[in-house]
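Q: One file: input33.cif (mmCIF, C-alpha atoms).
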```cif
data_structure
loop_
_atom_site.label_atom_id
_atom_site.label_comp_id
_atom_site.auth_asym_id
_atom_site.auth_seq_id
_atom_site.Cartn_x
_atom_site.Cartn_y
_atom_site.Cartn_z
CA MET A 1 137.98 118.35 103.89
CA PHE A 2 139.58 116.70 106.89
CA VAL A 3 141.17 113.70 105.17
CA SER A 4 144.12 113.58 102.78
CA GLU A 5 147.06 111.32 101.95
CA ASP A 6 150.73 112.02 102.60
CA GLU A 7 153.52 111.38 100.12
CA ASN A 8 153.50 107.68 101.03
CA GLY A 9 149.79 107.25 100.41
CA VAL A 10 148.98 107.08 104.14
CA ARG A 11 145.54 108.43 105.10
CA VAL A 12 145.83 111.50 107.34
CA LEU A 13 142.88 112.71 109.41
CA LEU A 14 143.19 116.34 110.51
CA THR A 15 141.40 116.85 113.82
CA SER A 16 142.80 119.99 115.50
CA HIS A 17 144.60 123.27 115.05
CA GLU A 18 147.52 121.89 117.08
CA GLN A 19 147.91 118.94 114.72
CA ALA A 20 147.70 121.29 111.73
CA THR A 21 150.49 123.45 113.17
CA ARG A 22 152.76 120.43 113.66
CA LEU A 23 152.12 119.19 110.12
CA GLN A 24 152.84 122.65 108.70
CA GLU A 25 156.11 122.81 110.61
CA VAL A 26 157.20 119.44 109.24
CA GLY A 27 156.37 120.56 105.71
CA THR A 28 154.75 117.31 104.57
CA LYS A 29 153.03 117.46 101.19
CA PHE A 30 149.49 116.15 100.94
CA ARG A 31 147.18 115.11 98.12
CA CYS A 32 143.47 114.42 97.69
CA PRO A 33 142.59 110.71 97.94
CA ALA A 34 140.01 111.16 95.17
CA CYS A 35 141.60 113.29 92.44
CA ARG A 36 145.23 112.93 93.59
CA GLY A 37 145.63 116.68 93.29
CA PRO A 38 147.68 118.71 95.78
CA VAL A 39 145.97 120.05 98.90
CA ILE A 40 147.10 122.56 101.48
CA ILE A 41 146.42 122.96 105.19
CA LYS A 42 144.19 125.84 106.23
CA ASN A 43 144.60 126.66 109.89
CA GLY A 44 142.81 129.94 110.51
CA VAL A 45 140.87 131.02 113.58
CA GLN A 46 137.40 131.16 112.00
CA LEU A 47 137.09 127.56 110.78
CA PRO A 48 138.23 124.13 111.97
CA ALA A 49 141.67 123.20 110.62
CA HIS A 50 141.17 121.45 107.29
CA PHE A 51 142.68 120.56 103.95
CA ALA A 52 141.72 122.44 100.77
CA HIS A 53 142.48 121.89 97.11
CA LYS A 54 144.93 124.33 95.59
CA HIS A 55 142.90 124.69 92.41
CA ASN A 56 139.34 123.58 93.44
CA ALA A 57 139.22 121.16 90.50
CA CYS A 58 138.17 117.95 92.26
CA LEU A 59 135.04 116.23 90.95
CA ALA A 60 134.45 114.39 94.24
CA SER A 61 134.24 117.52 96.40
CA GLU A 62 133.69 121.25 96.27
CA PRO A 63 134.74 124.26 98.36
CA GLU A 64 133.24 123.89 101.84
CA SER A 65 131.53 126.39 104.10
CA GLY A 66 132.17 126.61 107.80
CA GLU A 67 128.73 125.12 108.38
CA HIS A 68 129.59 122.07 106.29
CA LEU A 69 132.97 121.51 107.96
CA ARG A 70 131.56 121.80 111.48
CA GLY A 71 128.50 119.77 110.55
CA LYS A 72 130.57 116.79 109.43
CA LEU A 73 132.44 116.77 112.73
CA LEU A 74 129.16 116.97 114.64
CA LEU A 75 127.56 114.17 112.62
CA ALA A 76 130.57 111.94 113.28
CA LYS A 77 130.17 112.65 117.00
CA ILE A 78 126.44 111.91 116.85
CA GLY A 79 127.10 108.64 115.08
CA GLN A 80 129.70 107.56 117.63
CA THR A 81 127.50 108.40 120.61
CA SER A 82 124.70 106.42 118.98
CA GLY A 83 126.74 103.22 118.84
CA TRP A 84 128.16 103.43 115.32
CA ASN A 85 131.72 103.52 114.07
CA ALA A 86 131.97 106.88 112.31
CA GLU A 87 134.59 107.64 109.65
CA LEU A 88 134.96 111.01 108.00
CA GLU A 89 135.21 111.52 104.24
CA VAL A 90 135.35 108.02 102.86
CA TYR A 91 135.95 108.03 99.10
CA VAL A 92 134.10 105.41 97.04
CA PRO A 93 136.00 105.17 93.73
CA GLU A 94 133.38 102.98 92.02
CA ILE A 95 130.89 105.85 92.05
CA LYS A 96 133.40 108.70 92.42
CA GLN A 97 131.78 110.03 95.56
CA ARG A 98 133.21 111.14 98.88
CA ILE A 99 130.90 110.30 101.78
CA ASP A 100 130.74 113.05 104.40
CA VAL A 101 130.46 110.55 107.27
CA LEU A 102 130.31 106.77 106.88
CA LEU A 103 128.62 104.90 109.73
CA THR A 104 129.29 101.20 110.13
CA ARG A 105 127.91 98.71 112.64
CA GLY A 106 128.56 95.07 111.87
CA GLU A 107 127.70 94.55 108.20
CA GLU A 108 125.51 97.65 108.01
CA ARG A 109 126.84 100.77 106.31
CA VAL A 110 125.10 104.15 106.15
CA ALA A 111 126.34 107.29 104.41
CA LEU A 112 125.49 110.59 106.08
CA GLU A 113 125.42 113.39 103.53
CA PHE A 114 125.26 116.87 105.06
CA GLN A 115 123.74 119.03 102.34
CA CYS A 116 124.35 122.74 102.72
CA SER A 117 124.75 123.77 99.08
CA PRO A 118 122.37 123.60 96.10
CA ILE A 119 121.86 120.20 94.47
CA SER A 120 119.68 119.29 91.50
CA VAL A 121 116.97 116.66 91.74
CA SER A 122 118.78 114.54 89.13
CA SER A 123 122.07 114.65 91.09
CA LEU A 124 120.26 113.83 94.31
CA PHE A 125 118.70 110.77 92.69
CA ALA A 126 121.93 109.65 91.00
CA ARG A 127 124.03 109.91 94.16
CA THR A 128 121.43 108.07 96.22
CA GLN A 129 121.19 105.29 93.65
CA GLY A 130 124.97 105.06 93.49
CA TYR A 131 125.24 104.42 97.22
CA ARG A 132 122.43 101.88 97.12
CA GLN A 133 124.17 99.98 94.31
CA MET A 134 127.19 99.70 96.59
CA GLY A 135 125.05 98.32 99.41
CA ILE A 136 125.32 101.56 101.38
CA GLY A 137 122.26 103.18 102.89
CA VAL A 138 122.11 106.97 102.80
CA ARG A 139 120.63 109.68 104.99
CA TRP A 140 120.51 113.23 103.69
CA ILE A 141 120.94 115.67 106.57
CA LEU A 142 119.97 119.23 105.65
CA GLY A 143 121.64 122.49 106.62
CA GLN A 144 120.27 126.01 107.03
CA ARG A 145 119.69 126.50 103.30
CA TYR A 146 116.93 123.90 103.53
CA ARG A 147 115.06 125.13 106.59
CA THR A 148 112.06 126.27 104.54
CA LEU A 149 109.47 123.65 103.67
CA GLY A 150 109.62 124.22 99.93
CA ALA A 151 113.42 123.95 99.75
CA ALA A 152 113.50 120.70 101.72
CA THR A 153 110.64 118.92 99.94
CA LYS A 154 112.80 117.16 97.32
CA PHE A 155 114.65 115.34 100.14
CA VAL A 156 111.55 113.70 101.65
CA ARG A 157 111.43 109.94 102.03
CA LEU A 158 108.87 107.53 103.46
CA ASP A 159 109.55 106.25 106.96
CA ALA A 160 108.42 102.86 108.29
CA THR A 161 104.97 104.26 109.12
CA GLY A 162 104.45 105.69 105.62
CA GLN A 163 104.97 109.32 106.64
CA LEU A 164 107.16 111.69 104.67
CA THR A 165 110.20 112.74 106.67
CA THR A 166 113.39 114.83 106.44
CA GLU A 167 116.34 115.37 108.79
CA HIS A 168 117.95 118.71 109.67
CA LEU A 169 121.12 119.73 111.50
CA ASP A 170 121.47 123.10 113.21
CA VAL A 171 125.24 123.31 113.57
CA GLN A 172 125.19 126.48 115.64
CA ALA A 173 122.77 125.03 118.19
CA GLY A 174 124.23 121.51 117.95
CA VAL A 175 120.80 119.96 117.39
CA LEU A 176 119.75 117.20 115.00
CA SER A 177 116.01 117.21 114.29
CA ARG A 178 113.47 115.27 112.27
CA ARG A 179 110.38 116.42 110.44
CA VAL A 180 107.58 113.88 110.07
CA GLY A 181 104.20 114.06 108.40
CA VAL A 182 105.56 116.47 105.80
CA HIS A 183 102.79 117.96 103.66
CA THR A 184 102.80 120.86 101.23
CA GLN A 185 101.78 123.33 103.93
CA SER A 186 102.77 121.77 107.25
CA TYR A 187 104.94 119.30 109.16
CA THR A 188 105.68 118.15 112.70
CA GLU A 189 109.22 118.61 114.00
CA TYR A 190 111.13 117.32 117.03
CA SER A 191 114.79 117.08 118.03
CA THR A 192 116.50 113.67 118.03
CA TRP A 193 119.96 114.66 119.37
CA PRO A 194 121.41 115.45 121.88
CA HIS A 195 118.03 114.46 123.32
CA VAL A 196 114.56 113.76 122.03
CA GLY A 197 112.53 116.93 122.30
CA PRO A 198 108.78 117.59 122.28
CA GLN A 199 106.93 117.65 118.96
CA ARG A 200 105.65 120.91 117.52
CA HIS A 201 103.39 121.34 114.52
CA LEU A 202 104.40 124.04 112.05
CA GLY A 203 102.46 125.45 109.10
CA ARG A 204 98.73 125.24 108.51
CA TYR A 205 96.15 122.67 107.55
CA PRO A 206 94.33 123.07 104.21
CA ASP A 207 91.28 125.34 104.35
CA MET A 208 88.47 124.52 101.92
CA VAL A 209 87.41 128.09 101.24
CA HIS A 210 91.01 129.15 100.74
CA GLU A 211 91.50 126.27 98.30
CA ALA A 212 88.29 127.20 96.45
CA ASN A 213 89.52 130.78 96.09
CA GLY A 214 92.76 129.33 94.77
CA VAL A 215 90.89 128.04 91.71
CA GLY A 216 90.01 131.62 90.84
CA THR A 217 93.61 132.67 91.33
CA ALA A 218 94.81 129.88 89.04
CA LEU A 219 92.32 130.94 86.38
CA HIS A 220 93.47 134.55 86.70
CA TYR A 221 97.09 133.63 85.98
CA GLN A 222 96.05 131.46 83.01
CA SER A 223 98.51 128.59 83.42
CA ARG A 224 98.36 126.28 80.41
CA LYS A 225 97.08 123.16 82.20
CA ILE A 226 94.43 125.09 84.12
CA VAL A 227 93.21 126.80 80.94
CA GLN A 228 92.96 123.37 79.27
CA LEU A 229 90.91 122.12 82.20
CA GLN A 230 88.69 125.19 82.10
CA ASN A 231 87.99 124.63 78.39
CA ILE A 232 87.07 120.99 79.02
CA CYS A 233 84.61 122.10 81.69
CA TYR A 234 83.08 124.71 79.36
CA VAL A 235 82.50 122.07 76.68
CA ARG A 236 80.53 120.09 79.29
CA GLY A 237 78.54 123.16 80.29
CA GLN A 238 80.32 123.54 83.64
CA ASN A 239 82.31 126.31 85.28
CA LEU A 240 85.68 125.27 86.70
CA ALA A 241 85.42 127.86 89.48
CA GLY A 242 82.12 126.20 90.47
CA CYS A 243 83.55 122.68 90.75
CA PRO A 244 82.02 120.48 93.50
CA TRP A 245 83.04 121.06 97.13
CA ALA A 246 84.24 117.46 97.28
CA VAL A 247 87.18 118.60 95.13
CA HIS A 248 88.48 120.57 98.14
CA ALA A 249 87.41 118.21 100.92
CA GLN A 250 89.94 116.15 102.88
CA CYS A 251 92.73 116.67 100.37
CA THR A 252 95.88 114.66 101.05
CA ASP A 253 97.93 117.90 100.90
CA LEU A 254 100.89 115.72 99.91
CA PRO A 255 103.70 116.91 97.64
CA GLY A 256 104.49 115.34 94.30
CA PHE A 257 101.44 116.26 92.22
CA ALA A 258 102.15 117.36 88.64
CA ILE A 259 99.15 119.74 88.88
CA PRO A 260 97.29 121.09 91.92
CA GLU A 261 95.50 118.32 93.78
CA TRP A 262 92.12 120.01 93.31
CA ALA A 263 92.74 120.12 89.54
CA ALA A 264 93.62 116.42 89.51
CA ARG A 265 90.31 115.73 91.25
CA VAL A 266 88.39 117.72 88.65
CA TYR A 267 90.10 115.75 85.89
CA TRP A 268 89.10 112.58 87.76
CA LEU A 269 85.43 113.62 87.82
CA ILE A 270 85.49 114.34 84.11
CA ASN A 271 87.36 111.15 83.28
CA PHE A 272 85.17 108.75 85.27
CA TRP A 273 81.73 110.30 85.19
CA GLY A 274 79.03 107.86 84.12
CA GLN A 275 81.07 104.68 84.34
CA ASN A 276 81.99 102.23 87.05
CA VAL A 277 85.39 103.03 88.55
CA GLU A 278 87.61 99.96 88.61
CA LEU A 279 90.44 99.75 91.14
CA ALA A 280 93.11 99.38 88.45
CA ALA A 281 91.78 102.28 86.36
CA ASN A 282 91.64 104.51 89.42
CA ALA A 283 95.22 103.61 90.41
CA ASN A 284 96.42 104.26 86.86
CA PHE A 285 94.76 107.68 86.82
CA TRP A 286 96.58 108.86 89.93
CA ARG A 287 99.89 107.68 88.50
CA THR A 288 99.31 109.96 85.50
CA VAL A 289 98.80 113.11 87.60
CA MET A 290 101.85 112.60 89.83
CA ALA A 291 105.43 113.71 89.14
CA PRO A 292 107.91 111.19 90.60
CA LYS A 293 110.90 113.31 89.56
CA LYS A 294 109.87 115.92 92.13
CA LEU A 295 110.47 113.45 94.99
CA PRO A 296 113.47 111.32 93.93
CA LEU A 297 113.96 109.56 97.28
CA VAL A 298 110.37 108.34 97.67
CA ASP A 299 109.23 104.73 97.23
CA TRP A 300 106.55 105.65 94.70
CA PRO A 301 104.53 102.41 94.59
CA ARG A 302 104.09 102.63 98.37
CA TYR A 303 103.49 106.38 98.23
CA LEU A 304 100.77 106.10 95.58
CA ARG A 305 98.82 103.66 97.72
CA GLN A 306 98.24 106.55 100.17
CA ILE A 307 96.77 108.68 97.40
CA GLU A 308 94.87 106.31 95.11
CA ALA A 309 91.68 105.81 97.12
CA GLN A 310 91.50 109.14 98.99
CA PHE A 311 89.22 111.00 96.59
CA CYS A 312 86.94 107.99 96.09
CA ASN A 313 86.55 107.74 99.86
CA VAL A 314 85.62 111.44 99.98
CA LEU A 315 82.95 110.87 97.36
CA VAL A 316 81.65 107.86 99.28
CA THR A 317 81.36 110.06 102.38
CA ALA A 318 79.42 112.59 100.31
CA GLY A 319 77.02 109.90 99.08
CA VAL A 320 78.20 110.33 95.50
CA LEU A 321 79.90 106.93 95.13
CA SER A 322 79.34 103.49 96.61
CA ALA A 323 82.16 101.01 97.11
CA THR A 324 81.97 97.67 95.27
CA LYS A 325 84.15 94.56 95.28
CA THR A 326 86.07 95.80 92.24
CA GLY A 327 86.04 99.56 92.86
CA TRP A 328 83.21 102.10 93.03
CA MET A 329 79.89 102.90 91.32
CA TRP A 330 78.10 106.23 90.95
CA LEU A 331 75.02 107.01 93.03
CA ARG A 332 74.39 110.58 91.90
CA THR A 333 75.99 113.53 90.13
CA PRO A 334 78.11 115.78 92.37
CA LYS A 335 76.78 119.33 92.43
CA TRP A 336 78.51 121.96 90.29
CA TYR A 337 77.88 125.70 90.76
CA ASP A 338 77.51 128.67 88.43
CA GLY A 339 80.64 130.25 89.88
CA LEU A 340 82.69 130.83 93.00
CA ASP A 341 80.20 133.21 94.66
CA SER A 342 77.26 130.80 94.44
CA LYS A 343 79.52 127.97 95.54
CA ILE A 344 80.59 129.75 98.73
CA ALA A 345 77.01 130.92 99.38
CA ALA A 346 75.82 127.31 99.23
CA LEU A 347 78.47 126.30 101.78
CA HIS A 348 77.35 129.04 104.16
CA SER A 349 73.71 128.01 103.73
CA ALA A 350 74.67 124.45 104.66
CA GLY A 351 76.31 125.65 107.87
CA GLY A 352 79.78 124.87 106.54
CA ASP A 353 78.96 121.22 105.85
CA TRP A 354 80.36 120.63 102.35
CA ARG A 355 78.43 117.36 102.06
CA LYS A 356 75.12 119.26 102.19
CA ALA A 357 76.14 122.29 100.11
#
```
Produce structure tokens that represent the structure in this file.
A:
Amino acid sequence: MFVSEDENGVRVLLTSHEQATRLQEVGTKFRCPACRGPVIIKNGVQLPAHFAHKHNACLASEPESGEHLRGKLLLAKIGQTSGWNAELEVYVPEIKQRIDVLLTRGEERVALEFQCSPISVSSLFARTQGYRQMGIGVRWILGQRYRTLGAATKFVRLDATGQLTTEHLDVQAGVLSRRVGVHTQSYTEYSTWPHVGPQRHLGRYPDMVHEANGVGTALHYQSRKIVQLQNICYVRGQNLAGCPWAVHAQCTDLPGFAIPEWAARVYWLINFWGQNVELAANANFWRTVMAPKKLPLVDWPRYLRQIEAQFCNVLVTAGVLSATKTGWMWLRTPKWYDGLDSKIAALHSAGGDWRKA
């Protein structure tokens, strides 16, 4: 931490090794503004000069890595160069949280939280809600721990265009970057500071044959929900591995599903077969197969609107459904196969066109 209070309750911001040396020579005693516990000055050569709790017992903060210390300084600099007033380590007693960097511009306030350590989904949600209740916006900036797609997914939020996005800070390189269009297997990334860099797409797009083979893999590992789905298909005289190609076509590949997206689509086929599909019933179905707790920062009503009609539109493209004023109606039964081998053979015979397989 860079901020403490002296014996008179005056806020002290530690900004350099030289300042730390002077304060050590004077012998002033310092305390944490949050827990009021004693803190000491650490002035080594490996890390920026900073304050540290004697006993590491503060609920508002935890021991900091060099990445976190340097990252806070860099984020304050980025904020200042972007036209904000940036203040380090502002404690908000109402919610017992210490903001890494508080940006203010007029009446607008934004908390920058540089996350380098593990955090649970429930804590992430609670802290975000706490700031919002105080009228403070929040941006979670992710450190090296969260470079992988899977680790960063719980931090996604919807931007103004409806795309999932996360922000990342490479302290060593001094680069702030943004990922947009985050999906389960891919995203597009570009730097936003110190300059806007070119976009690059990372990961891979969903492959239908790969996804179809994934059904067999899921059946092999016998997960409970997949076994339940397999049994439902058997009762109806169908083989789950031979589910229609439309199940794998034009998937959203978005995170947040409680079960694999292909499995949700199979459940949809079973649930709605033989009846008109009303808009409200369709929307309600997709709510039941999603897991909002996986993505605590997402505006779920807006997010679900991206998902609700996707599969119906695929089935319309395949000539299986027809759109009506109130939803969709069936035109024909989608083709099921005896198993995975016959399913893939049919796709090859149709020249790779899943609509004709």
Q: Which one of A:Leu142, A:Asn43, A:Gly66, A:Ser4 sits closest to Arg22 in chain A if you count all atoms listed in the file?
A: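 Smallest distance to Arg22 in chain A is found for A:Asn43.
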Q: I want to know what sits within 12 Å of Gly214 in chain A, based on all atoms listed in the file, with residues of the same chain fewer than 5 positions away left out; could you give that as JSON, numbers by chain?
A: {"A": [206, 207, 208, 209, 219, 220, 221, 226, 240, 241, 242, 248, 260, 261, 262, 263, 340]}
Q: List every protein, DNA or RNA residue with an atom no more than 12 Å from (117.6, 121.3, 115.9) in the file's coordinates, counting only C-alpha atoms, and format the result as a list in words.
A: Ile141, Leu142, Gly143, Gln144, Arg147, Glu167, His168, Leu169, Asp170, Val171, Gln172, Ala173, Gly174, Val175, Leu176, Ser177, Arg178, Arg179, Glu189, Tyr190, Ser191, Thr192, Trp193, Pro194, His195, Val196, Gly197, Pro198 and Gln199 of chain A
Q: Could you give me, as a PyMOL selection string, the residues within 9 Å of Asp253 in chain A, counting all atoms listed in the file and dropping anything in the same chain fewer than 4 positions from it?
A: chain A and resi 183-186+205-206+261
Q: Name the closest residue to Arg109 in chain A among the candidates A:Lys29, A:Arg127, A:Arg139, A:Lys72; distances are taken between atoms, counting all atoms listed in the file.
A: A:Arg139
Q: What is the CA of Phe155 in chain A-CA of Pro63 in chain A distance in Å, reported with one decimal?
A: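 Separation between CA of Phe155 in chain A and CA of Pro63 in chain A: 22.1 Å.
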Q: Using only C-alpha atoms, what residues lie at most 9 Å away from (78.9, 118.5, 93.2) (file coordinates), given as a list of chain:residue names?
A: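 Here the neighbourhood of the point contains A:Gly242, A:Cys243, A:Pro244, A:Trp245, A:Ala246, A:Val247, A:Val320, A:Thr333, A:Pro334, A:Lys335, A:Trp336, A:Tyr337, A:Arg355, A:Ala357.
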Q: In Å, rounded to a single decimal, give me how far CA of Cys35 in chain A is from CA of Val90 in chain A.
A: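 These atoms are spaced 13.2 Å apart.
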Q: Of the candidates A:Arg132, A:Arg157, A:Lys54, A:His68, which shows the shortest atom-to-atom distance to Ser117 in chain A, using only C-alpha atoms?
A: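 Of A:Arg132, A:Arg157, A:Lys54, A:His68, the one nearest Ser117 in chain A, counting only C-alpha atoms, is A:His68.
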Q: Which of these, A:Trp268, A:Phe2, A:Phe257, A:Trp84, has the shortest distance to Met290 in chain A once you count all atoms listed in the file?
A: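 Comparing A:Trp268, A:Phe2, A:Phe257, A:Trp84 against Met290 in chain A, the winner is A:Phe257.
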Q: Around all the atoms of range 204-219 of chain A listed in the file, with 8 Å of room on each side, what axis-aligned box do you get, giving centre and edge lengths in Å to one decimal, as lines of an AutoDock Vina configuration file?
A:
```
center_x = 93.1
center_y = 127.7
center_z = 97.4
size_x = 27.3
size_y = 26.0
size_z = 38.1
```
Q: So, with all atoms listed in the file as the atoms that count, which of A:Leu315, A:Ala345, A:Cys58, A:Leu269 lies closest to Val39 in chain A?
A: A:Cys58
Q: Could you list, as an mmCIF file with C-alpha atoms, in the frame of the given file, every residue within 8 Å of Ile307 in chain A, counting only C-alpha atoms and ignoring same-chain residues fewer than 3 positions away?
A:
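So the final result, stored in selection-v7.cif, reads:
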```
data_model
loop_
_atom_site.group_PDB
_atom_site.id
_atom_site.type_symbol
_atom_site.label_atom_id
_atom_site.label_comp_id
_atom_site.auth_asym_id
_atom_site.auth_seq_id
_atom_site.Cartn_x
_atom_site.Cartn_y
_atom_site.Cartn_z
ATOM 1 C CA THR A 252 95.880 114.660 101.050
ATOM 2 C CA TRP A 286 96.580 108.860 89.930
ATOM 3 C CA TYR A 303 103.490 106.380 98.230
ATOM 4 C CA LEU A 304 100.770 106.100 95.580
ATOM 5 C CA GLN A 310 91.500 109.140 98.990
ATOM 6 C CA PHE A 311 89.220 111.000 96.590
#
```
Q: Provide the CA of Arg36 in chain A to CA of Leu14 in chain A distance in Å, to one decimal place.
A: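 Spanning CA of Arg36 in chain A to CA of Leu14 in chain A is a straight-line distance of 17.4 Å.
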Q: Report as a list in words the residues that result from applying the PyMOL selection byres ((chain A and resi 113) around 8) to the structure here.
A: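 Applied to this file, the PyMOL selection byres ((chain A and resi 113) around 8) selects Ile99, Asp100, Val101, Ala111, Leu112, Phe114, Gln115, Val138, Arg139, Trp140 and Ile141 of chain A.
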Q: Got a sec: who's within 10 Å of Pro93 in chain A, counting all atoms listed in the file, leaving out chain neighbours fewer than 3 positions off, as a PyMOL selection string?
A: chain A and resi 33-35+60+90+96-98
